[in-house]
Structures are given as structure tokens and as C-alpha cells.
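Structure below is final.txt: compact mmCIF, C-alpha atoms and all ligand atoms.
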# COMPACT_ATOMS: atom_id res chain seq x y z
CA MET T 1 -2.06 -29.88 -22.25
CA GLY T 2 -2.71 -28.43 -25.69
CA ARG T 3 -6.31 -29.62 -25.48
CA ARG T 4 -7.14 -27.11 -22.74
CA LEU T 5 -8.22 -23.56 -23.37
CA PRO T 6 -7.47 -21.16 -20.52
CA LEU T 7 -10.33 -18.72 -20.21
CA PHE T 8 -11.53 -16.08 -17.75
CA LEU T 9 -15.26 -16.08 -17.05
CA ASP T 10 -17.50 -13.38 -15.67
CA VAL T 11 -19.83 -15.40 -13.44
CA ARG T 12 -21.41 -12.49 -11.63
CA GLY T 13 -25.08 -13.21 -10.97
CA ARG T 14 -24.96 -16.46 -12.97
CA ARG T 15 -26.22 -19.76 -11.63
CA VAL T 16 -23.42 -22.20 -10.86
CA VAL T 17 -24.27 -25.59 -9.36
CA VAL T 18 -21.91 -27.37 -6.99
CA VAL T 19 -22.77 -30.96 -6.17
CA GLY T 20 -21.31 -32.17 -2.88
CA ALA T 21 -20.68 -30.51 0.44
CA GLY T 22 -17.28 -31.68 1.66
CA ALA T 23 -14.05 -29.71 1.98
CA VAL T 24 -13.42 -29.50 -1.79
CA ALA T 25 -16.98 -28.33 -2.48
CA ALA T 26 -16.66 -25.73 0.29
CA ARG T 27 -13.51 -24.33 -1.34
CA ARG T 28 -15.21 -24.21 -4.75
CA THR T 29 -18.29 -22.45 -3.40
CA ALA T 30 -16.17 -19.90 -1.54
CA ARG T 31 -14.27 -19.01 -4.74
CA LEU T 32 -17.41 -18.89 -6.84
CA ARG T 33 -19.13 -16.63 -4.32
CA ALA T 34 -16.08 -14.37 -4.18
CA ALA T 35 -16.36 -14.03 -7.97
CA GLY T 36 -20.01 -13.05 -7.58
CA ALA T 37 -21.70 -16.24 -8.88
CA TYR T 38 -25.18 -17.32 -7.78
CA VAL T 39 -24.18 -20.58 -6.12
CA VAL T 40 -26.51 -23.54 -5.72
CA VAL T 41 -25.31 -26.49 -3.63
CA VAL T 42 -26.89 -29.91 -3.90
CA ALA T 43 -25.66 -32.56 -1.47
CA ALA T 44 -27.14 -35.71 -0.03
CA VAL T 45 -25.33 -34.94 3.22
CA LEU T 46 -23.99 -31.53 4.27
CA ARG T 47 -20.58 -32.35 5.76
CA GLU T 48 -19.10 -28.83 5.70
CA ALA T 49 -20.63 -25.43 6.27
CA VAL T 50 -20.92 -24.29 2.65
CA GLU T 51 -21.58 -20.74 1.57
CA ALA T 52 -24.28 -20.69 -1.06
CA ASP T 53 -27.31 -18.79 -2.31
CA GLU T 54 -29.35 -22.02 -2.30
CA VAL T 55 -28.64 -25.27 -0.47
CA HIS T 56 -30.56 -28.45 -1.27
CA GLU T 57 -29.86 -31.31 1.09
CA ARG T 58 -30.95 -34.26 -1.03
CA PRO T 59 -29.56 -36.49 -3.79
CA PHE T 60 -28.64 -34.82 -7.10
CA ARG T 61 -31.26 -34.70 -9.85
CA PRO T 62 -30.36 -33.83 -13.48
CA GLU T 63 -32.93 -30.99 -13.46
CA ASP T 64 -30.76 -29.28 -10.82
CA LEU T 65 -28.62 -28.14 -13.73
CA ASP T 66 -31.47 -26.48 -15.64
CA GLY T 67 -30.61 -22.83 -16.12
CA ALA T 68 -27.04 -23.23 -14.85
CA TRP T 69 -24.01 -21.84 -16.71
CA LEU T 70 -21.43 -24.01 -15.02
CA ALA T 71 -21.28 -27.03 -12.72
CA PHE T 72 -18.77 -28.61 -10.37
CA THR T 73 -19.09 -31.96 -8.76
CA ALA T 74 -17.08 -32.86 -5.70
CA THR T 75 -18.78 -35.81 -4.01
CA ASP T 76 -16.83 -38.89 -2.92
CA ASP T 77 -19.13 -41.05 -5.05
CA SER T 78 -17.73 -41.35 -8.58
CA GLU T 79 -21.09 -42.59 -9.90
CA VAL T 80 -22.76 -39.41 -8.73
CA ASN T 81 -19.94 -37.33 -10.18
CA ALA T 82 -20.29 -39.14 -13.52
CA ALA T 83 -24.06 -38.59 -13.47
CA VAL T 84 -23.56 -34.87 -12.87
CA ALA T 85 -21.04 -34.67 -15.72
CA ALA T 86 -23.41 -36.55 -18.06
CA ALA T 87 -26.38 -34.33 -17.16
CA ALA T 88 -24.19 -31.26 -17.69
CA GLY T 89 -23.04 -32.53 -21.09
CA GLN T 90 -26.64 -33.07 -22.20
CA ARG T 91 -27.39 -29.46 -21.32
CA ARG T 92 -24.13 -28.11 -22.87
CA ILE T 93 -22.91 -26.92 -19.51
CA TRP T 94 -19.21 -27.10 -18.63
CA CYS T 95 -18.57 -29.40 -15.68
CA GLY T 96 -15.50 -29.72 -13.45
CA ARG T 97 -15.00 -33.04 -11.68
CA ALA T 98 -12.87 -32.94 -8.55
CA ASP T 99 -12.45 -36.73 -8.52
CA ASP T 100 -11.22 -37.18 -12.09
CA ALA T 101 -9.38 -34.35 -13.83
CA ASP T 102 -9.14 -36.36 -17.07
CA ALA T 103 -12.87 -36.97 -17.21
CA SER T 104 -13.56 -33.25 -16.66
CA ASP T 105 -14.23 -30.69 -19.31
CA ALA T 106 -13.61 -27.68 -17.01
CA TRP T 107 -10.83 -27.09 -14.50
CA LEU T 108 -10.52 -24.38 -11.89
CA PRO T 109 -6.94 -23.12 -11.90
CA ALA T 110 -4.98 -22.09 -8.81
CA ALA T 111 -5.57 -18.35 -8.87
CA ALA T 112 -4.48 -15.10 -7.27
CA ASP T 113 -4.96 -11.48 -8.11
CA VAL T 114 -2.27 -8.90 -7.56
CA ASP T 115 -3.36 -5.36 -8.38
CA ASP T 116 -4.83 -5.59 -11.89
CA ILE T 117 -3.11 -8.89 -12.74
CA ASP T 118 -4.97 -12.21 -12.63
CA VAL T 119 -2.67 -15.17 -12.07
CA ALA T 120 -4.20 -18.54 -13.02
CA VAL T 121 -2.10 -21.71 -13.02
CA GLY T 122 -2.87 -25.26 -14.10
CA ALA T 123 -0.14 -27.87 -13.70
CA GLY T 124 -1.23 -30.96 -15.59
CA GLY T 125 -3.88 -31.87 -13.04
CA ASP T 126 -1.50 -31.60 -10.07
CA PRO T 127 -3.22 -29.05 -7.82
CA ARG T 128 -0.40 -28.79 -5.27
CA ARG T 129 2.14 -27.96 -7.95
CA ALA T 130 -0.26 -25.41 -9.39
CA VAL T 131 -0.70 -23.79 -5.97
CA ALA T 132 3.07 -23.70 -5.37
CA LEU T 133 3.62 -22.03 -8.75
CA ARG T 134 0.76 -19.63 -8.19
CA ASP T 135 2.25 -18.62 -4.83
CA ALA T 136 5.71 -18.14 -6.33
CA ILE T 137 4.38 -15.93 -9.12
CA ALA T 138 2.13 -13.91 -6.81
CA ARG T 139 4.98 -13.39 -4.34
CA ARG T 140 7.27 -12.08 -7.06
CA LEU T 141 4.58 -9.80 -8.41
CA ARG T 142 4.00 -8.47 -4.91
CA ASP T 143 7.68 -7.85 -4.14
CA GLY T 144 8.25 -6.26 -7.54
CA SER T 145 10.85 -8.80 -8.75
CA LEU T 146 8.43 -9.79 -11.54
CA HIS T 147 6.80 -6.90 -13.30
CA ALA T 148 5.77 -5.48 -16.64
CA ARG T 149 4.73 -1.98 -17.42
CA ARG T 150 1.26 -1.40 -18.80
CA MET T 151 1.46 -1.43 -22.60
CA ARG T 152 -2.15 -0.57 -23.28
CA PRO T 153 -2.61 3.13 -23.95
CA SER T 154 -4.22 4.45 -20.80
CA ALA T 155 -6.12 7.56 -19.94
CA GLY T 156 -3.14 8.59 -17.87
CA ARG T 157 -3.17 8.93 -14.13
CA VAL T 158 -1.15 10.23 -11.22
CA VAL T 159 -0.11 8.16 -8.22
CA LEU T 160 1.23 9.97 -5.18
CA VAL T 161 3.62 7.54 -3.55
CA GLY T 162 4.87 8.06 -0.02
CA GLY T 163 8.52 7.08 -0.29
CA GLY T 164 9.36 6.91 3.42
CA PRO T 165 12.29 8.74 5.03
CA GLY T 166 14.90 7.89 2.39
CA ASP T 167 16.08 4.30 2.85
CA PRO T 168 14.67 2.40 -0.17
CA GLY T 169 13.85 -0.46 2.20
CA LEU T 170 11.26 1.73 3.88
CA LEU T 171 9.19 2.22 0.72
CA THR T 172 6.04 0.10 0.81
CA LEU T 173 5.71 -2.83 -1.61
CA ARG T 174 2.73 -1.17 -3.21
CA GLY T 175 4.70 2.05 -3.67
CA TYR T 176 7.57 0.08 -5.24
CA ARG T 177 5.24 -1.67 -7.67
CA GLU T 178 3.70 1.65 -8.70
CA LEU T 179 7.18 3.06 -9.24
CA LEU T 180 8.19 0.16 -11.50
CA ALA T 181 5.00 0.65 -13.54
CA ALA T 182 5.53 4.39 -14.07
CA ASP T 183 6.11 6.13 -17.40
CA VAL T 184 7.16 9.30 -15.62
CA VAL T 185 8.47 9.84 -12.08
CA VAL T 186 8.39 13.26 -10.46
CA VAL T 187 10.62 13.12 -7.42
CA ASP T 188 11.36 15.13 -4.28
CA ARG T 189 14.76 15.59 -2.69
CA LEU T 190 13.77 13.66 0.45
CA ALA T 191 12.27 10.71 -1.44
CA PRO T 192 14.27 7.44 -1.76
CA THR T 193 16.11 8.65 -4.86
CA ALA T 194 18.45 5.62 -4.85
CA LEU T 195 15.56 3.67 -6.40
CA LEU T 196 15.60 5.79 -9.55
CA ASP T 197 18.58 3.75 -10.77
CA GLU T 198 16.26 0.77 -11.09
CA LEU T 199 13.96 2.48 -13.60
CA GLY T 200 14.15 1.77 -17.32
CA ASP T 201 15.98 4.21 -19.58
CA ASP T 202 12.71 5.23 -21.19
CA VAL T 203 11.15 6.37 -17.91
CA GLY T 204 11.10 10.15 -17.66
CA VAL T 205 12.36 11.47 -14.33
CA GLY T 206 11.51 15.00 -13.24
CA ASP T 207 13.47 16.23 -10.23
CA VAL T 208 11.48 18.93 -8.48
CA GLY T 209 13.25 18.47 -5.16
CA GLN T 210 14.77 21.50 -3.57
CA ALA T 211 17.11 22.22 -0.73
CA PRO T 212 15.27 23.99 2.08
CA ARG T 213 15.19 27.67 1.34
CA GLY T 214 16.93 26.93 -1.97
CA PRO T 215 15.48 27.55 -5.41
CA ALA T 216 12.19 25.72 -5.49
CA ALA T 217 10.04 24.33 -8.22
CA SER T 218 6.83 26.07 -7.18
CA GLN T 219 3.90 23.95 -6.11
CA ASP T 220 1.93 25.34 -9.03
CA SER T 221 4.56 24.25 -11.52
CA ILE T 222 4.69 20.76 -9.95
CA ASN T 223 0.91 20.48 -10.14
CA ALA T 224 0.97 21.63 -13.75
CA LEU T 225 3.66 19.07 -14.63
CA LEU T 226 1.67 16.21 -13.08
CA VAL T 227 -1.51 17.20 -14.89
CA GLU T 228 0.24 17.80 -18.21
CA ARG T 229 2.01 14.40 -18.26
CA ALA T 230 -1.08 12.46 -17.13
CA THR T 231 -3.26 14.24 -19.70
CA ALA T 232 -0.76 13.08 -22.32
CA GLY T 233 -1.69 9.49 -21.31
CA LYS T 234 1.24 8.79 -18.99
CA THR T 235 1.23 6.96 -15.70
CA VAL T 236 2.89 9.52 -13.47
CA VAL T 237 4.33 8.54 -10.11
CA ARG T 238 4.84 11.47 -7.78
CA LEU T 239 7.45 10.05 -5.43
CA LYS T 240 7.46 12.05 -2.22
CA GLY T 241 9.36 11.84 1.05
CA GLY T 242 7.65 10.25 4.04
CA ASP T 243 3.87 10.16 3.80
CA PRO T 244 2.35 12.38 1.10
CA PHE T 245 -0.25 13.77 3.50
CA VAL T 246 2.05 14.64 6.44
CA LEU T 247 3.40 18.18 5.94
CA GLY T 248 3.88 17.22 2.32
CA ARG T 249 1.32 19.23 0.34
CA GLY T 250 0.04 15.97 -1.13
CA SER T 251 -3.56 17.05 -0.75
CA GLU T 252 -2.87 20.10 -2.94
CA GLU T 253 -1.51 17.85 -5.67
CA VAL T 254 -4.55 15.57 -5.42
CA ALA T 255 -6.87 18.58 -5.63
CA ALA T 256 -5.04 19.92 -8.70
CA CYS T 257 -5.35 16.55 -10.46
CA LEU T 258 -9.05 16.20 -9.64
CA ALA T 259 -9.74 19.78 -10.74
CA ALA T 260 -8.15 18.93 -14.10
CA GLY T 261 -10.16 15.69 -14.38
CA VAL T 262 -7.05 13.50 -13.91
CA ALA T 263 -7.46 10.21 -12.01
CA VAL T 264 -5.26 10.15 -8.92
CA ASP T 265 -4.38 7.55 -6.26
CA VAL T 266 -2.42 7.95 -3.05
CA VAL T 267 -0.11 5.30 -1.59
CA PRO T 268 0.63 6.00 2.09
CA GLY T 269 4.24 6.16 3.18
CA VAL T 270 6.28 5.73 6.36
CA THR T 271 6.44 9.26 7.72
CA SER T 272 9.75 10.58 9.05
CA ALA T 273 7.73 11.93 11.99
CA THR T 274 7.53 8.44 13.45
CA ALA T 275 10.34 6.63 11.62
CA ALA T 276 13.08 8.99 12.82
CA ALA T 277 12.18 8.46 16.47
CA THR T 278 11.93 4.70 16.05
CA LEU T 279 15.28 4.57 14.26
CA ALA T 280 16.81 6.51 17.16
CA GLY T 281 15.34 4.02 19.63
CA VAL T 282 12.87 6.57 20.99
CA PRO T 283 9.33 5.26 21.55
CA LEU T 284 6.89 8.09 20.84
CA THR T 285 4.49 6.57 23.33
CA GLU T 286 5.43 4.49 26.34
CA ARG T 287 3.18 2.96 28.96
CA GLY T 288 3.23 5.10 32.08
CA THR T 289 5.27 7.89 30.42
CA ALA T 290 3.49 9.20 27.36
CA GLN T 291 0.13 8.27 25.91
CA GLU T 292 0.08 10.85 23.14
CA PHE T 293 2.34 12.58 20.69
CA THR T 294 1.94 15.72 18.61
CA VAL T 295 3.57 16.37 15.25
CA ALA T 296 4.13 20.03 14.44
CA SER T 297 5.87 22.00 11.74
CA GLY T 298 8.56 24.44 12.84
CA HIS T 299 9.11 25.98 9.41
CA VAL T 300 8.02 29.36 10.77
CA PRO T 301 8.80 30.53 14.33
CA PRO T 302 6.26 31.10 17.12
CA GLY T 303 4.58 34.46 16.71
CA ASP T 304 4.95 34.44 12.92
CA PRO T 305 1.59 35.30 11.36
CA ARG T 306 1.94 32.26 9.04
CA SER T 307 2.13 29.87 12.02
CA THR T 308 -1.05 28.08 13.06
CA VAL T 309 0.71 26.03 15.77
CA ASP T 310 -0.45 26.71 19.33
CA TRP T 311 3.03 26.72 20.92
CA HIS T 312 1.59 27.79 24.26
CA ARG T 313 -0.61 24.68 24.42
CA LEU T 314 2.32 22.46 23.37
CA GLY T 315 4.54 24.01 26.05
CA ALA T 316 1.92 23.46 28.74
CA SER T 317 1.56 19.76 27.81
CA ASP T 318 3.66 16.74 28.79
CA ALA T 319 2.89 14.91 25.56
CA THR T 320 5.74 13.87 23.29
CA LEU T 321 6.39 16.60 20.72
CA VAL T 322 7.76 15.82 17.26
CA LEU T 323 9.01 18.74 15.20
CA LEU T 324 9.61 18.67 11.45
CA MET T 325 11.26 21.45 9.42
CA ALA T 326 12.33 23.11 12.67
CA VAL T 327 16.14 23.33 12.40
CA ALA T 328 16.22 27.04 11.57
CA ASN T 329 13.81 27.96 14.38
CA LEU T 330 14.96 25.80 17.30
CA ARG T 331 15.81 28.71 19.58
CA PRO T 332 12.50 30.61 19.39
CA ILE T 333 10.58 27.32 19.53
CA ALA T 334 12.42 26.09 22.65
CA ASP T 335 11.98 29.51 24.29
CA ALA T 336 8.23 29.52 23.55
CA LEU T 337 7.81 26.00 24.96
CA MET T 338 9.73 26.85 28.17
CA THR T 339 7.86 30.13 28.59
CA ALA T 340 4.63 28.12 28.45
CA GLY T 341 5.87 25.80 31.21
CA ARG T 342 7.91 22.99 29.68
CA ASP T 343 10.88 22.13 31.86
CA GLY T 344 14.24 22.97 30.26
CA ALA T 345 15.49 19.59 31.51
CA THR T 346 12.98 17.71 29.31
CA PRO T 347 15.00 15.26 27.20
CA ALA T 348 15.28 16.00 23.47
CA VAL T 349 16.70 14.05 20.52
CA VAL T 350 17.57 15.36 17.08
CA VAL T 351 17.66 12.76 14.29
CA VAL T 352 19.46 14.00 11.19
CA ASN T 353 19.17 12.14 7.86
CA ALA T 354 17.08 9.42 9.47
CA SER T 355 17.40 6.02 7.78
CA LEU T 356 20.15 7.22 5.44
CA PRO T 357 23.78 6.06 5.59
CA ASP T 358 24.77 9.37 7.22
CA GLN T 359 22.08 9.26 9.92
CA ARG T 360 23.15 11.14 13.06
CA ILE T 361 21.57 11.36 16.49
CA VAL T 362 22.11 14.29 18.85
CA ARG T 363 20.89 13.78 22.41
CA THR T 364 20.25 16.88 24.46
CA ALA T 365 17.57 18.64 26.56
CA LEU T 366 15.02 21.31 25.70
CA GLY T 367 17.05 24.08 27.42
CA SER T 368 20.23 23.30 25.47
CA LEU T 369 18.60 22.13 22.22
CA ALA T 370 19.38 25.22 20.13
CA ASP T 371 23.01 25.53 21.33
CA ASP T 372 23.71 21.82 20.88
CA ALA T 373 22.22 21.85 17.39
CA VAL T 374 24.57 24.69 16.41
CA ARG T 375 27.57 23.01 18.08
CA GLU T 376 26.82 19.73 16.30
CA SER T 377 26.25 21.51 12.95
CA VAL T 378 22.76 20.07 12.61
CA GLU T 379 21.41 20.64 9.10
CA PRO T 380 18.07 19.66 7.60
CA PRO T 381 16.54 17.21 7.16
CA ALA T 382 16.12 16.56 10.85
CA VAL T 383 13.33 15.46 13.17
CA VAL T 384 13.33 16.71 16.77
CA VAL T 385 11.65 14.71 19.51
CA ILE T 386 11.01 16.42 22.86
CA GLY T 387 9.61 14.57 25.88
CA SER T 388 10.38 12.14 28.67
CA VAL T 389 10.46 9.29 26.14
CA ALA T 390 13.65 10.81 24.64
CA LYS T 391 15.68 9.96 27.75
CA ASN T 392 18.70 7.79 27.04
C1 LIG U 1 8.33 18.96 3.86
S1 LIG U 1 8.51 17.91 5.24
C2 LIG U 1 7.96 16.41 4.54
C3 LIG U 1 7.62 15.37 5.56
C4 LIG U 1 7.23 14.06 4.93
N1 LIG U 1 6.01 14.17 4.19
C5 LIG U 1 7.12 12.95 5.95
O1 LIG U 1 6.02 12.39 6.16
O2 LIG U 1 8.18 12.55 6.49
C6 LIG U 1 10.26 17.76 5.34
C7 LIG U 1 10.73 17.47 6.72
O3 LIG U 1 10.57 16.12 7.05
C8 LIG U 1 11.59 15.73 7.91
N2 LIG U 1 12.35 14.64 7.25
C9 LIG U 1 12.06 14.06 6.10
N3 LIG U 1 12.93 13.06 5.84
C10 LIG U 1 13.79 13.03 6.87
C11 LIG U 1 14.92 12.24 7.20
N4 LIG U 1 15.32 11.24 6.39
N5 LIG U 1 15.56 12.47 8.33
C12 LIG U 1 15.15 13.45 9.17
N6 LIG U 1 14.11 14.24 8.90
C13 LIG U 1 13.42 14.03 7.77
C14 LIG U 1 12.47 16.93 8.17
O4 LIG U 1 12.00 17.57 9.32
C15 LIG U 1 12.21 17.71 6.93
O5 LIG U 1 12.50 19.09 7.13
Would you write the structure of this file as C-alpha cells?
Ligand SMILES: C[S@@+](CC[C@H](N)C(=O)[O-])C[C@H]1O[C@@H](n2cnc3c(N)ncnc32)[C@H](O)[C@@H]1O
Amino acid sequence: MGRRLPLFLDVRGRRVVVVGAGAVAARRTARLRAAGAYVVVVAAVLREAVEADEVHERPFRPEDLDGAWLAFTATDDSEVNAAVAAAAGQRRIWCGRADDADASDAWLPAAADVDDIDVAVGAGGDPRRAVALRDAIARRLRDGSLHARRMRPSAGRVVLVGGGPGDPGLLTLRGYRELLAADVVVVDRLAPTALLDELGDDVGVGDVGQAPRGPAASQDSINALLVERATAGKTVVRLKGGDPFVLGRGSEEVAACLAAGVAVDVVPGVTSATAAATLAGVPLTERGTAQEFTVASGHVPPGDPRSTVDWHRLGASDATLVLLMAVANLRPIADALMTAGRDGATPAVVVVNASLPDQRIVRTALGSLADDAVRESVEPPAVVVIGSVAKN
């Protein structure tokens, strides 16, 4: 195959002529259109619905190739295909022949794009083998088992990756790929830290995770670290627990990056707010029982001037209530909800260390929630679900 030169072409806005209108021609035109080409189809008989900018239903004429950059012929008449190839050659236009790979001077590889990687495979004129190889490579790029870090010096950027509730299996594939491509990883305590073992020795890892109420890397110092590393040209992955935008201060980190002129992307994550309930077998909504759920932070108690949660409204509602960061304030929260009308017999479930090997589930009711949490030595991180859906 040494006589073939693999090449990527920018065909945007350029005239490409496809002769024929069967299944092969339809596939060619779809790919060419997806790449932005100006596609002209010439076919004596239109057998398939082809996507094109111009369709001429008549026999091919050599002048059809005037002004074209590229041609493909995919009729079932080899004389027509040969005539197209000859007319293309006279005009110095590359021509791919679907009927005769050896007589072609251009071949369309089996192709896929995964993030910024273009995969293009030719397999000695065997299209099925090429497709099988393309699929195998694309699958491995997508699942992260085949990867290479960017070597080209970049402008540096930050990617906020939602890591899910802690089990590495609950990180998204896109998040995993970003992690493997990182130069620097800045990680939270509740992120899937087990994955850090998979990073290369040269990847810098900054641990800014803190125990609740423990010594904290301040948000300002985290923001400054992200900006400083990205400005130095690094690809910085900010690996956070759950979803970056659910009670995670992710938007503040995005704002800090943008204010400093640093490019930033956000990869959504599986939030513990929903994952913990699901892992405990509690459906947050259930037909006939609950058609809505509310997620609220309990990091400050009802009545605290820093709280913007309307506990009265939540207590007066029958909707499923999901509480994060509430372990220290369970008693005042439960009291406020019952004062506002919630029945003390409403089922409640506490999920501790959801998705982790030491996951624990405490089943109780709103009226006994605070006492049971103390008796069961519930410690953060925990998600509390209150509502009829939490029944056994
Ligand atoms: C600062 S918030 C971050 C929430 C995160 N952004 C999310 O979407 O899951 C931390 C709280 O999330 C909850 N949490 C996070 N991971 C958890 C886990 N594995 N098990 C139980 N609760 C968890 C706890 O309520 C914890 O106090």
C-alpha cells in the first residue's frame, strides 16, 4: 500500500461531483455533505434519496466535472465509471471509483472522529475490514483504553469534570478521557480519587479536598491555582465530586477562569443528589406517589441568615426532598419541616458514602431522623431523602 498517500482534505464549500445515485453514492454524498462540501449528483436514474446541493437526473457528461475539486463514481455501469475517471484525469481531478479500488486514484477511508482525533482507516481495499478496525479504534478511544496526551504546546485550559459520587465507574467516559489527557489534576475529597492511581508520574496532582468543617483550601486559592496552571500552558482538570454545578461552586471556578481569560469547559457529572437515592433503591419520583423532587443544602440550619432555603414551603409540600450537607443540622431541619406541616411519620433514608465500598443506608422517619442518625453514627458525606418514596 506504499503507493497511497493518506491525506485530510478541507472540502468546505468546494464542488465535489458524485456520479450515481444508489446506496453507495448516497453514503458518499452524506459524508461529503457532513464535511461541508458542495455536492453535485449526476445520475441517469435516481434510485436512492440522495442529499445534494445539485441533482442532475441524466447521463453523465465530462463537462459535469468542470470546476470540481474531487469526484466519486458509484454507478453499476463500469463503462460509465471508467468514463468519469478518464474525464477527471483529463481535468487533474482526483476520482474515487466504488467499483474498482485498483483503478481508482482516490479512496475514502473508513472514518470516525472522537473529540479532536480523526480516525481514518484503509485496509487494502477491503471496506468491511476497514470499518471493523475503525470501530475498534474509535471504541478504545471513547472508553479511554487507547489514549495519548496532547504533545503540542497549548494555550492551556481548565476542564471542570464532574466525577460522580465516588465510584470510579460512575465517572462519565468523557470525564475519564479528559482526566487521562490532563497535565495537572486538582481534586476534591469527594471526587473518585481512586482514579488518580491511573495517571502518569509526570501529572501534577493538587489535593484541595477538605473534610467538612476541616481546614479548607479557600475557593479563592483554588481559583488562583487553576488560573495559574492554565496560564502556564497546562491542561488542568478540576476533578470534582458529583456534578460541578450542583452545590459544588463550579460556576465560581468557571467565572474565575473566564475573568482571567482562561478557556474553560465543563463536563457534567452524576450528582450524589440522585445517585445516592437510586443506589439505595429509592425512586425520587414514582407514578402516583411523587411527581417532583427538591434538592436543598442543609449546610446551615433553618433561620440562619446565610440560608436561602424556604423550609416552610418544603415542609408544607409532599414532594420528595433531597438534602445534601445536612448531617450537622438534621434536628433543626426536621423540626422546621414538621412545624410547617410535614408528618413525622414520613419515611426518610440516609445514604452514607453512596457508591463507595463502605456505603451505608439508614432507614427511618422524619420524626426520628435526627436521633437515628446520632444512634447510627452517621457522618458526612451523606444524602438524606425524605418522602413517601423512601418507604421500604
Ligand atoms: C459540597 S456538596 C457537593 C455535591 C456534588 N457537587 C454533587 O453533585 O454530588 C457535598 C455533599 O454532597 C453529598 N455527597 C457527595 N458525595 C456523596 C457520597 N458519595 N455519598 C453521600 N453523599 C455524598 C453529601 O451531602 C455531601 O455533604
Legend entry - Residue with smallest distance to T:Leu199 - pool T:Ala181, T:Ala111, T:Val187, T:Val282, counting all atoms listed in the file: T:Ala181
Inset, instruction - Identify, on the basis of all atoms listed in the file, every residue whose closest approach to stretch 253-260 of chain T does not exceed 9 Å; exclude the query and any residue fewer than 6 positions from it along the same chain; express the result as JSON, numbers by chain. - result: {"T": [157, 158, 160, 219, 220, 222, 223, 224, 226, 227, 230, 231, 266]}
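Minimum atom-to-atom distance to T:Pro6, evaluated using only C-alpha atoms, belongs to T:Leu108 out of T:Ala52, T:Leu108, T:Leu247, T:Ala191.
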Legend entry - Proximity to T:Arg134 - best of T:Leu337, T:Ala112, T:Val264, T:Ala106, all atoms listed in the file: T:Ala112
Residues of chain T within 6 Å of ligand LIG 1 (chain U): nearest atom pair and distance (Å, one decimal) for each, counting only C-alpha atoms and all ligand atoms, sorted by chain and number, as a tab-separated table?
residue	atom	partner	partner_atom	distance
T:Pro165	CA	U:LIG1	N4	4.2
T:Gly166	CA	U:LIG1	N4	5.2
T:Leu190	CA	U:LIG1	N3	5.5
T:Gly241	CA	U:LIG1	C4	5.0
T:Gly242	CA	U:LIG1	C5	3.3
T:Asp243	CA	U:LIG1	O1	3.9
T:Pro244	CA	U:LIG1	N1	5.1
T:Val246	CA	U:LIG1	O1	4.6
T:Leu247	CA	U:LIG1	C3	5.1
T:Gly248	CA	U:LIG1	N1	4.2
T:Thr271	CA	U:LIG1	O1	3.5
T:Ser272	CA	U:LIG1	O2	3.6
T:Ala273	CA	U:LIG1	O2	5.6
T:Leu324	CA	U:LIG1	O4	3.4
T:Met325	CA	U:LIG1	O5	3.5
T:Val351	CA	U:LIG1	C12	5.7
T:Val352	CA	U:LIG1	C12	4.8
T:Asn353	CA	U:LIG1	N5	3.7
T:Ala354	CA	U:LIG1	N5	3.6
T:Ser355	CA	U:LIG1	N4	5.8
T:Pro380	CA	U:LIG1	O5	5.6
T:Pro381	CA	U:LIG1	C14	4.2
T:Ala382	CA	U:LIG1	N6	3.6
T:Val383	CA	U:LIG1	N6	4.5
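Atom CA of T:Ala21 sits 7.4 Å away from atom CA of T:Val41.
Put simply, atom CA of T:Ser307 is 15.7 Å away from atom CA of T:Arg331.
Nearest to T:Val119 of all the residues T:Leu32, T:Leu7, T:Ser221, T:Ala86 is T:Leu7, based on all atoms listed in the file.
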Inset, instruction - For atom CA of T:Asp197 and atom CA of T:Leu225, quote the distance in Å rounded to one decimal. - result: 21.7 Å
